[in-house]
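Coordinates from input_15.tsv are shown below (TSV, C-alpha atoms (C1' of nucleotides)).
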chain	number	residue	atom	x	y	z
W	1	MET	CA	-35.69	-5.87	4.95
W	2	LYS	CA	-32.47	-5.15	3.28
W	3	ALA	CA	-33.12	-4.62	-0.40
W	4	ASP	CA	-36.71	-3.57	-0.68
W	5	SER	CA	-36.80	0.19	-0.90
W	6	THR	CA	-33.07	0.57	-1.44
W	7	ALA	CA	-33.28	-0.44	-5.08
W	8	PRO	CA	-34.81	2.52	-6.84
W	9	ALA	CA	-35.09	1.74	-10.49
W	10	ASP	CA	-32.11	-0.42	-11.34
W	11	PRO	CA	-32.53	-4.00	-12.33
W	12	ALA	CA	-30.78	-6.74	-10.45
W	13	CYS	CA	-27.51	-6.13	-12.22
W	14	ALA	CA	-26.75	-2.99	-10.26
W	15	GLU	CA	-27.36	-4.15	-6.75
W	16	ALA	CA	-24.07	-5.99	-6.46
W	17	LEU	CA	-21.94	-3.40	-8.17
W	18	PRO	CA	-20.56	-0.62	-6.03
W	19	SER	CA	-20.62	2.72	-7.71
W	20	ALA	CA	-16.84	2.65	-7.71
W	21	ALA	CA	-16.92	-0.28	-10.08
W	22	ARG	CA	-19.45	1.42	-12.31
W	23	GLY	CA	-17.62	4.73	-12.42
W	24	GLY	CA	-14.21	3.24	-13.03
W	25	PRO	CA	-14.19	-0.48	-13.55
W	26	VAL	CA	-10.54	-0.78	-14.47
W	27	SER	CA	-9.42	1.51	-11.67
W	28	HIS	CA	-11.47	-0.52	-9.29
W	29	ALA	CA	-9.97	-3.73	-10.58
W	30	VAL	CA	-6.48	-2.29	-10.30
W	31	SER	CA	-7.03	-1.40	-6.67
W	32	ARG	CA	-8.37	-4.80	-5.80
W	33	ILE	CA	-5.80	-6.71	-7.78
W	34	ALA	CA	-3.02	-4.69	-6.26
W	35	ARG	CA	-4.15	-5.64	-2.80
W	36	LEU	CA	-4.70	-9.30	-3.62
W	37	HIS	CA	-1.42	-9.50	-5.43
W	38	ARG	CA	0.38	-7.97	-2.49
W	39	ILE	CA	-1.27	-10.38	-0.09
W	40	ALA	CA	-0.30	-13.31	-2.29
W	41	ALA	CA	3.26	-12.03	-2.46
W	42	GLY	CA	3.30	-11.58	1.28
W	43	ARG	CA	2.29	-15.17	1.87
W	44	LEU	CA	5.00	-16.46	-0.38
W	45	LEU	CA	7.63	-14.20	1.14
W	46	LYS	CA	6.65	-14.73	4.73
W	47	GLY	CA	8.56	-17.98	4.99
W	48	LEU	CA	11.62	-16.24	3.62
W	49	GLY	CA	11.65	-13.51	6.22
W	50	LEU	CA	10.79	-10.78	3.77
W	51	TYR	CA	7.88	-8.39	3.60
W	52	PRO	CA	6.18	-7.53	0.34
W	53	GLY	CA	8.10	-4.80	-1.39
W	54	GLN	CA	11.43	-5.76	0.07
W	55	GLU	CA	11.93	-8.44	-2.52
W	56	LEU	CA	12.15	-5.87	-5.29
W	57	LEU	CA	14.89	-4.06	-3.47
W	58	MET	CA	16.74	-7.27	-2.85
W	59	MET	CA	16.41	-8.35	-6.46
W	60	HIS	CA	18.06	-5.17	-7.57
W	61	LEU	CA	20.82	-5.69	-5.07
W	62	TRP	CA	21.34	-9.27	-6.13
W	63	ASP	CA	21.47	-8.07	-9.70
W	64	GLY	CA	23.99	-5.36	-9.39
W	65	GLY	CA	26.24	-6.03	-6.46
W	66	ALA	CA	27.14	-2.99	-4.41
W	67	VAL	CA	25.22	0.03	-5.58
W	68	ARG	CA	24.77	3.57	-4.43
W	69	GLN	CA	21.54	4.12	-2.58
W	70	SER	CA	20.64	6.82	-5.05
W	71	GLU	CA	20.97	4.32	-7.87
W	72	LEU	CA	18.76	1.94	-5.99
W	73	ILE	CA	16.18	4.65	-5.47
W	74	LYS	CA	16.12	5.39	-9.16
W	75	ALA	CA	15.93	1.70	-9.99
W	76	VAL	CA	12.96	0.89	-7.81
W	77	ASP	CA	11.45	4.33	-8.33
W	78	LEU	CA	10.36	4.84	-4.77
W	79	ASP	CA	10.53	7.74	-2.41
W	80	PRO	CA	14.01	8.15	-0.92
W	81	SER	CA	12.63	8.03	2.58
W	82	THR	CA	10.87	4.78	1.81
W	83	VAL	CA	14.08	3.23	0.61
W	84	THR	CA	15.95	4.50	3.63
W	85	LYS	CA	13.55	2.88	6.04
W	86	MET	CA	13.34	-0.33	4.10
W	87	LEU	CA	17.11	-0.54	4.05
W	88	GLN	CA	17.29	0.12	7.75
W	89	ARG	CA	15.02	-2.84	8.37
W	90	LEU	CA	16.75	-5.02	5.83
W	91	ASP	CA	20.04	-4.07	7.43
W	92	GLN	CA	18.77	-4.95	10.87
W	93	ALA	CA	17.45	-8.23	9.50
W	94	GLY	CA	20.90	-8.98	8.12
W	95	HIS	CA	19.87	-8.96	4.49
W	96	VAL	CA	21.86	-5.95	3.38
W	97	SER	CA	25.00	-4.14	4.44
W	98	ARG	CA	25.53	-0.44	4.14
W	99	ARG	CA	28.78	1.44	4.21
W	100	PRO	CA	29.73	4.98	3.28
W	101	ASP	CA	31.06	5.53	-0.19
W	102	PRO	CA	34.71	6.58	0.06
W	103	ASP	CA	34.43	8.54	-3.18
W	104	ASP	CA	31.43	10.54	-2.02
W	105	ARG	CA	31.11	11.02	1.67
W	106	ARG	CA	27.39	11.72	1.57
W	107	ALA	CA	26.57	8.60	-0.44
W	108	VAL	CA	25.92	5.13	0.90
W	109	LEU	CA	26.90	1.89	-0.76
W	110	VAL	CA	24.37	-0.85	-0.33
W	111	GLU	CA	25.05	-4.50	-0.88
W	112	ALA	CA	23.22	-7.75	-0.35
W	113	THR	CA	24.87	-9.77	2.37
W	114	GLU	CA	26.31	-13.18	1.72
W	115	ASP	CA	23.64	-14.54	3.98
W	116	SER	CA	20.88	-13.04	1.87
W	117	CYS	CA	22.19	-14.60	-1.30
W	118	GLY	CA	20.73	-17.85	-0.11
W	119	LEU	CA	17.35	-16.23	-0.47
W	120	HIS	CA	17.94	-15.30	-4.07
W	121	ALA	CA	16.77	-18.58	-5.53
W	122	SER	CA	13.85	-18.81	-3.14
W	123	VAL	CA	12.67	-15.33	-4.01
W	124	ARG	CA	12.95	-16.00	-7.70
W	125	SER	CA	11.00	-19.16	-7.24
W	126	ALA	CA	8.38	-17.32	-5.21
W	127	TRP	CA	8.03	-14.73	-7.91
W	128	SER	CA	7.67	-17.35	-10.59
W	129	SER	CA	5.03	-19.00	-8.50
W	130	LEU	CA	3.28	-15.70	-8.00
W	131	GLU	CA	3.41	-14.96	-11.69
W	132	GLU	CA	1.93	-18.30	-12.53
W	133	HIS	CA	-0.72	-17.91	-9.88
W	134	THR	CA	-1.57	-14.51	-11.26
W	135	LEU	CA	-1.78	-15.68	-14.84
W	136	ALA	CA	-3.35	-19.07	-14.30
W	137	GLY	CA	-5.83	-19.92	-16.99
W	138	LEU	CA	-4.47	-17.38	-19.46
W	139	ASP	CA	-3.01	-18.74	-22.64
W	140	PRO	CA	0.24	-17.27	-23.98
W	141	ALA	CA	-1.58	-14.90	-26.30
W	142	GLU	CA	-3.67	-13.55	-23.47
W	143	ARG	CA	-0.60	-13.14	-21.29
W	144	ALA	CA	1.17	-11.23	-23.99
W	145	GLU	CA	-1.85	-9.05	-24.57
W	146	LEU	CA	-2.21	-8.38	-20.87
W	147	ALA	CA	1.44	-7.45	-20.60
W	148	ARG	CA	1.09	-5.15	-23.58
W	149	LEU	CA	-1.97	-3.43	-22.20
W	150	LEU	CA	-0.46	-3.08	-18.75
W	151	ALA	CA	2.59	-1.49	-20.30
W	152	LYS	CA	0.38	1.07	-21.96
W	153	VAL	CA	-1.45	1.71	-18.72
W	154	GLU	CA	1.83	2.11	-16.90
W	155	ALA	CA	3.01	4.57	-19.49
W	156	ASN	CA	-0.22	6.49	-19.10
W	157	LEU	CA	0.13	6.66	-15.35
W	158	CYS	CA	3.76	7.65	-15.62
W	159	GLN	CA	2.76	10.56	-17.77
W	160	GLU	CA	2.42	13.83	-15.89
W	161	THR	CA	3.93	12.02	-12.94
W	162	ASP	CA	7.50	13.13	-12.73
W	163	GLY	CA	10.12	10.62	-11.84
W	164	CYS	CA	9.35	7.78	-14.13
W	165	PRO	CA	12.49	6.00	-15.20
W	166	GLY	CA	11.18	4.08	-18.17
W	167	ALA	CA	8.78	6.68	-19.44
W	168	GLY	CA	10.58	7.42	-22.64
M	1	MET	CA	34.71	-4.52	-9.75
M	2	LYS	CA	31.25	-3.37	-10.51
M	3	ALA	CA	30.30	-4.27	-14.02
M	4	ASP	CA	33.15	-6.15	-15.55
M	5	SER	CA	32.78	-9.69	-14.32
M	6	THR	CA	29.18	-9.29	-13.29
M	7	ALA	CA	27.91	-9.46	-16.85
M	8	PRO	CA	28.32	-13.07	-17.79
M	9	ALA	CA	26.89	-13.63	-21.22
M	10	ASP	CA	23.91	-11.36	-21.63
M	11	PRO	CA	23.75	-8.87	-24.43
M	12	ALA	CA	22.75	-5.29	-23.88
M	13	CYS	CA	19.08	-6.13	-23.65
M	14	ALA	CA	19.41	-7.43	-20.13
M	15	GLU	CA	21.21	-4.55	-18.54
M	16	ALA	CA	18.14	-2.37	-18.19
M	17	LEU	CA	15.74	-5.06	-17.03
M	18	PRO	CA	15.71	-5.84	-13.35
M	19	SER	CA	15.52	-9.51	-12.65
M	20	ALA	CA	12.13	-8.91	-11.09
M	21	ALA	CA	10.78	-7.91	-14.48
M	22	ARG	CA	12.35	-10.92	-16.13
M	23	GLY	CA	11.14	-13.39	-13.56
M	24	GLY	CA	7.61	-12.04	-13.36
M	25	PRO	CA	6.84	-9.31	-15.85
M	26	VAL	CA	3.14	-9.08	-15.09
M	27	SER	CA	3.66	-9.18	-11.35
M	28	HIS	CA	6.22	-6.47	-11.72
M	29	ALA	CA	3.85	-4.40	-13.80
M	30	VAL	CA	1.07	-4.91	-11.31
M	31	SER	CA	3.24	-3.62	-8.48
M	32	ARG	CA	4.31	-0.58	-10.38
M	33	ILE	CA	0.90	0.20	-11.77
M	34	ALA	CA	-0.66	-0.17	-8.35
M	35	ARG	CA	1.70	2.41	-6.95
M	36	LEU	CA	1.32	4.82	-9.86
M	37	HIS	CA	-2.41	4.43	-9.84
M	38	ARG	CA	-2.55	5.13	-6.14
M	39	ILE	CA	-0.41	8.21	-6.55
M	40	ALA	CA	-2.62	9.44	-9.36
M	41	ALA	CA	-5.69	8.85	-7.23
M	42	GLY	CA	-4.05	10.64	-4.35
M	43	ARG	CA	-3.42	13.73	-6.43
M	44	LEU	CA	-6.98	13.87	-7.60
M	45	LEU	CA	-8.35	13.31	-4.11
M	46	LYS	CA	-6.01	15.63	-2.32
M	47	GLY	CA	-8.04	18.69	-3.17
M	48	LEU	CA	-11.14	16.97	-1.85
M	49	GLY	CA	-9.67	16.26	1.56
M	50	LEU	CA	-9.56	12.52	1.03
M	51	TYR	CA	-6.70	10.07	1.06
M	52	PRO	CA	-6.47	7.25	-1.45
M	53	GLY	CA	-8.54	4.34	-0.27
M	54	GLN	CA	-11.03	6.45	1.60
M	55	GLU	CA	-12.95	7.19	-1.55
M	56	LEU	CA	-13.95	3.56	-1.92
M	57	LEU	CA	-15.38	3.55	1.57
M	58	MET	CA	-17.20	6.77	0.94
M	59	MET	CA	-18.62	5.53	-2.34
M	60	HIS	CA	-20.11	2.56	-0.59
M	61	LEU	CA	-21.59	4.82	2.04
M	62	TRP	CA	-22.98	7.18	-0.54
M	63	ASP	CA	-24.45	4.19	-2.29
M	64	GLY	CA	-26.20	2.55	0.56
M	65	GLY	CA	-27.05	5.12	3.19
M	66	ALA	CA	-26.55	3.95	6.75
M	67	VAL	CA	-24.91	0.55	6.83
M	68	ARG	CA	-23.49	-1.68	9.48
M	69	GLN	CA	-19.76	-1.54	9.72
M	70	SER	CA	-19.63	-5.28	9.16
M	71	GLU	CA	-21.49	-4.83	5.88
M	72	LEU	CA	-19.04	-2.16	4.90
M	73	ILE	CA	-16.14	-4.41	5.71
M	74	LYS	CA	-17.55	-7.15	3.53
M	75	ALA	CA	-18.26	-4.69	0.76
M	76	VAL	CA	-14.80	-3.22	0.54
M	77	ASP	CA	-13.18	-6.51	1.53
M	78	LEU	CA	-10.60	-5.04	3.82
M	79	ASP	CA	-9.32	-5.97	7.22
M	80	PRO	CA	-11.76	-4.95	9.99
M	81	SER	CA	-9.05	-3.06	11.78
M	82	THR	CA	-8.28	-1.14	8.63
M	83	VAL	CA	-11.87	-0.09	8.26
M	84	THR	CA	-12.09	0.86	11.91
M	85	LYS	CA	-9.16	3.19	11.67
M	86	MET	CA	-10.23	4.66	8.38
M	87	LEU	CA	-13.66	5.36	9.81
M	88	GLN	CA	-12.15	6.96	12.86
M	89	ARG	CA	-10.26	9.35	10.64
M	90	LEU	CA	-13.20	9.93	8.33
M	91	ASP	CA	-15.33	10.58	11.40
M	92	GLN	CA	-12.84	13.05	12.76
M	93	ALA	CA	-12.71	14.71	9.37
M	94	GLY	CA	-16.49	15.06	9.42
M	95	HIS	CA	-17.10	12.81	6.45
M	96	VAL	CA	-18.93	10.02	8.24
M	97	SER	CA	-21.01	9.66	11.36
M	98	ARG	CA	-21.08	6.55	13.52
M	99	ARG	CA	-23.71	5.58	16.02
M	100	PRO	CA	-24.45	2.34	17.79
M	101	ASP	CA	-27.04	0.11	16.23
M	102	PRO	CA	-30.05	-0.05	18.56
M	103	ASP	CA	-30.90	-3.53	17.29
M	104	ASP	CA	-27.44	-4.91	17.98
M	105	ARG	CA	-25.53	-3.23	20.69
M	106	ARG	CA	-22.15	-4.40	19.46
M	107	ALA	CA	-22.69	-3.17	15.92
M	108	VAL	CA	-22.04	0.30	14.57
M	109	LEU	CA	-24.08	2.09	11.98
M	110	VAL	CA	-22.02	4.17	9.63
M	111	GLU	CA	-23.39	6.89	7.44
M	112	ALA	CA	-21.98	9.54	5.18
M	113	THR	CA	-22.58	12.97	6.62
M	114	GLU	CA	-24.62	15.57	4.83
M	115	ASP	CA	-21.47	17.56	4.47
M	116	SER	CA	-19.68	14.73	2.71
M	117	CYS	CA	-22.44	14.38	0.13
M	118	GLY	CA	-21.08	17.47	-1.53
M	119	LEU	CA	-17.99	15.45	-2.28
M	120	HIS	CA	-19.92	12.73	-4.02
M	121	ALA	CA	-19.97	14.36	-7.41
M	122	SER	CA	-16.37	15.48	-7.11
M	123	VAL	CA	-15.19	12.02	-6.23
M	124	ARG	CA	-17.11	10.48	-9.08
M	125	SER	CA	-15.61	13.02	-11.39
M	126	ALA	CA	-12.16	12.30	-10.03
M	127	TRP	CA	-12.65	8.60	-10.59
M	128	SER	CA	-13.83	9.15	-14.12
M	129	SER	CA	-10.81	11.28	-14.71
M	130	LEU	CA	-8.56	8.64	-13.21
M	131	GLU	CA	-10.15	5.96	-15.31
M	132	GLU	CA	-9.68	7.97	-18.45
M	133	HIS	CA	-6.11	8.78	-17.51
M	134	THR	CA	-5.46	5.11	-16.88
M	135	LEU	CA	-6.97	3.98	-20.14
M	136	ALA	CA	-5.81	6.79	-22.39
M	137	GLY	CA	-4.85	5.59	-25.79
M	138	LEU	CA	-6.78	2.33	-25.52
M	139	ASP	CA	-9.63	1.82	-27.89
M	140	PRO	CA	-12.89	0.33	-26.61
M	141	ALA	CA	-11.93	-3.17	-27.66
M	142	GLU	CA	-8.66	-2.93	-25.78
M	143	ARG	CA	-10.41	-1.59	-22.73
M	144	ALA	CA	-12.87	-4.42	-22.77
M	145	GLU	CA	-10.10	-6.93	-23.22
M	146	LEU	CA	-8.11	-5.43	-20.39
M	147	ALA	CA	-11.14	-5.50	-18.11
M	148	ARG	CA	-11.76	-9.10	-19.04
M	149	LEU	CA	-8.18	-10.15	-18.39
M	150	LEU	CA	-8.02	-8.25	-15.13
M	151	ALA	CA	-11.19	-9.99	-14.00
M	152	LYS	CA	-9.55	-13.33	-14.66
M	153	VAL	CA	-6.45	-12.24	-12.79
M	154	GLU	CA	-8.54	-11.07	-9.89
M	155	ALA	CA	-10.35	-14.37	-9.78
M	156	ASN	CA	-7.00	-16.14	-9.79
M	157	LEU	CA	-5.69	-14.09	-6.92
M	158	CYS	CA	-8.91	-14.53	-4.98
M	159	GLN	CA	-8.51	-18.24	-5.24
M	160	GLU	CA	-6.94	-19.84	-2.18
M	161	THR	CA	-7.33	-16.49	-0.52
M	162	ASP	CA	-10.29	-16.76	1.77
M	163	GLY	CA	-12.62	-13.83	2.05
M	164	CYS	CA	-13.24	-12.97	-1.54
M	165	PRO	CA	-16.77	-11.71	-1.97
M	166	GLY	CA	-17.09	-11.97	-5.71
M	167	ALA	CA	-15.07	-15.11	-6.22
M	168	GLY	CA	-17.89	-17.16	-7.64
J	1	DG	C1'	-30.82	-20.74	32.11
J	2	DA	C1'	-25.67	-21.30	32.15
J	3	DA	C1'	-21.68	-22.16	29.27
J	4	DA	C1'	-19.37	-22.26	24.85
J	5	DT	C1'	-19.06	-20.22	20.46
J	6	DT	C1'	-19.44	-16.94	17.11
J	7	DT	C1'	-19.87	-12.15	15.69
J	8	DA	C1'	-18.62	-7.17	15.84
J	9	DC	C1'	-15.32	-3.86	16.70
J	10	DA	C1'	-11.34	-1.78	18.93
J	11	DT	C1'	-6.37	-1.62	20.10
J	12	DG	C1'	-1.46	-2.08	19.48
J	13	DG	C1'	2.18	-3.02	16.73
J	14	DT	C1'	4.63	-3.41	12.30
J	15	DC	C1'	5.53	-2.33	7.21
J	16	DG	C1'	5.23	-0.10	2.88
J	17	DG	C1'	4.63	4.28	1.15
J	18	DC	C1'	4.15	9.31	0.82
J	19	DC	C1'	5.35	14.28	1.94
J	20	DA	C1'	7.73	17.96	4.28
J	21	DA	C1'	11.63	19.50	6.52
J	22	DC	C1'	16.32	18.89	7.80
J	23	DT	C1'	21.62	18.06	7.63
J	24	DA	C1'	25.76	17.27	5.27
J	25	DA	C1'	28.52	17.05	1.38
J	26	DA	C1'	29.60	17.99	-3.39
J	27	DT	C1'	29.21	21.13	-7.21
J	28	DC	C1'	28.41	25.41	-9.51
J	29	DA	C1'	28.80	30.46	-9.78
J	30	DC	C1'	31.36	34.56	-9.18
H	1	DG	C1'	38.06	31.18	-2.17
H	2	DT	C1'	33.31	32.39	-0.67
H	3	DG	C1'	28.50	31.80	-1.46
H	4	DA	C1'	24.43	29.65	-3.81
H	5	DT	C1'	22.64	25.54	-5.62
H	6	DT	C1'	22.08	20.90	-6.33
H	7	DT	C1'	22.57	16.10	-4.64
H	8	DA	C1'	22.34	12.33	-0.98
H	9	DG	C1'	20.20	10.55	2.96
H	10	DT	C1'	17.84	10.90	7.29
H	11	DT	C1'	14.07	11.97	10.37
H	12	DG	C1'	9.29	12.65	11.76
H	13	DG	C1'	4.67	12.43	10.82
H	14	DC	C1'	0.78	10.59	8.57
H	15	DC	C1'	-2.19	7.03	6.14
H	16	DG	C1'	-3.43	2.51	4.18
H	17	DA	C1'	-3.09	-2.11	5.31
H	18	DC	C1'	-1.93	-6.29	7.72
H	19	DC	C1'	-1.84	-9.48	11.93
H	20	DA	C1'	-2.59	-10.78	16.64
H	21	DT	C1'	-5.00	-9.86	20.58
H	22	DG	C1'	-8.69	-8.34	23.48
H	23	DT	C1'	-13.62	-7.14	24.88
H	24	DA	C1'	-18.44	-6.98	24.70
H	25	DA	C1'	-22.61	-8.55	22.94
H	26	DA	C1'	-25.36	-11.87	20.45
H	27	DT	C1'	-26.05	-16.63	19.35
H	28	DT	C1'	-25.79	-21.32	19.81
H	29	DT	C1'	-25.46	-25.43	22.64
H	30	DC	C1'	-26.59	-28.23	26.29
Would you write the structure of this file as structure tokens?
Amino acid sequence: MKADSTAPADPACAEALPSAARGGPVSHAVSRIARLHRIAAGRLLKGLGLYPGQELLMMHLWDGGAVRQSELIKAVDLDPSTVTKMLQRLDQAGHVSRRPDPDDRRAVLVEATEDSCGLHASVRSAWSSLEEHTLAGLDPAERAELARLLAKVEANLCQETDGCPGAG
Amino acid sequence: MKADSTAPADPACAEALPSAARGGPVSHAVSRIARLHRIAAGRLLKGLGLYPGQELLMMHLWDGGAVRQSELIKAVDLDPSTVTKMLQRLDQAGHVSRRPDPDDRRAVLVEATEDSCGLHASVRSAWSSLEEHTLAGLDPAERAELARLLAKVEANLCQETDGCPGAG
DNA sequence: GAAATTTACATGGTCGGCCAACTAAATCAC
DNA sequence: GTGATTTAGTTGGCCGACCATGTAAATTTC
């Protein structure tokens, strides 16, 4: 008494597909993949004391040494308030240090702590693992094609959305 | 001491790429696309009084009529607590109605309100628009290929992650 | 039929993420 | 130099989403 009168005229192929998937299959896939990808990242990062999202910030900090917070915001392309709160937590966790910029008294210089540098290799390893997990079963040509198509999609979504750094 | 000794041996091609993109280009793209896609969805849904994520719940409700909350949770594959809170807000906003299931006194029957049905067409239109925005500039073959590759990625990410409905 | 287990939701807390509004400092305009 | 504007960050509020925990009802077990 679950699927007797609920299936009007569609064959069996439609009963498992939510209308979201029919009306926008790629959008639907993006939503689901985003969540699964984030969960997978979270599992890998959990042992490192990081939450998903923080690793991107840290990677930028490990890349560039001490940077202005505004530079960091542009680099990760997030809302300033998001970065502020993430940095507050990363600061409290001992992963980053923040000090006022002597050259500009409203700016803040952010730097990865010495302690956090020990995480660098682990995070890179976790990301490699995540990448491999994500792309398992895809041959190099498929991976390249996926990367190419995702780049186009990203460019599309950047369009009309102000504040896209690499949307040239 | 910012960018003199920090650049060891890389040519100019590396200075614009964060290490996250080098260590996991697809993962990096997925993160960024997820965020941009969500923002794009949010803009389209804002005028409809919905927040991104809620539309998927509503679409399932519009699809199936009154459903048990547990069925809804399985359908959207989210954490039960997430669904509970979303439904509380959707209820308060007048988009859904919740009543106890007479056959199972711990279960809750959820249904889209009559009022919300007016949104159905708008949401479908918004999703079509989002899909087209996402896939602009991709020919049908590319779209199919992208959908195929994303399905493989989704299956990969579902693996080892319990609670994947369509991970057959 | 009583006890243990599973199922169905709800609650509280935490994070990432957004927007809106605010403060302080630097810069531009005059 | 004084005032307007931009820039830099912070705060508060909200939502999606997670986990861990708790409670009530149904189900299984004995």
**DG16 (chain H) surroundings by only C-alpha atoms (C1' of nucleotides), 10 Å radius, close-in-sequence under 3 positions cut, as a list in words** = Tyr51, Pro52, Gly53, Gln54, Thr82, Val83, Lys85 and Met86 of chain M; DG16 and DG17 of chain J
**Gap from CA of His120 (chain M) to CA of Ser97 (chain M) - Å, one decimal** = 15.7 Å
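Nearest residue to DA24 (chain J), choosing from W:Met59, W:Val96, W:Ile73, W:Ala107 and counting only C-alpha atoms (C1' of nucleotides): W:Ala107.
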**Request:** Do me a favour and pick out the residues of chain H within 10 Å of chain M, using all atoms listed in the file, as number ranges by chain.
**Result:** H: 15-19, 24-26
Those residues you just picked out, can you put them in a file as a PDB file, in the frame of the given file with C-alpha atoms (C1' of nucleotides)?
ATOM      1  C1'  DC H  15      -2.190   7.030   6.140  1.00  0.00           C
ATOM      2  C1'  DG H  16      -3.430   2.510   4.180  1.00  0.00           C
ATOM      3  C1'  DA H  17      -3.090  -2.110   5.310  1.00  0.00           C
ATOM      4  C1'  DC H  18      -1.930  -6.290   7.720  1.00  0.00           C
ATOM      5  C1'  DC H  19      -1.840  -9.480  11.930  1.00  0.00           C
ATOM      6  C1'  DA H  24     -18.440  -6.980  24.700  1.00  0.00           C
ATOM      7  C1'  DA H  25     -22.610  -8.550  22.940  1.00  0.00           C
ATOM      8  C1'  DA H  26     -25.360 -11.870  20.450  1.00  0.00           C
TER       9       DA H  26
END
**Distance of CA of Leu150 (chain W) from CA of Thr84 (chain W), expressed in Å to one decimal place** = 28.8 Å
**Message:** Quick check: residues of chain J within 9 Å of chain M, all atoms listed in the file, returned as a PyMOL selection string.
**Reply:** chain J and resi 7-11+17-18
**Item:** Residues of chain W within 7 Å of chain M, all atoms listed in the file counted, as JSON, numbers by chain
**Value:** {"W": [18, 19, 20, 23, 24, 26, 27, 29, 30, 31, 33, 34, 36, 37, 56, 59, 60, 63, 65, 124, 127, 128, 131, 133, 134, 135, 136, 146, 147, 149, 150, 153, 154, 156, 157, 158]}
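Going from CA of Val110 (chain W) over to CA of Gly94 (chain W), you cover 12.2 Å.
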Determine the axis-aligned bounding box of all atoms of region 4-23 of chain J present in the file, pad each side by 8 Å, and express its centre and edge lengths in Å to one decimal place as JSON.
{"center_x": 0.9, "center_y": -1.4, "center_z": 12.8, "size_x": 57.5, "size_y": 57.8, "size_z": 40.0}
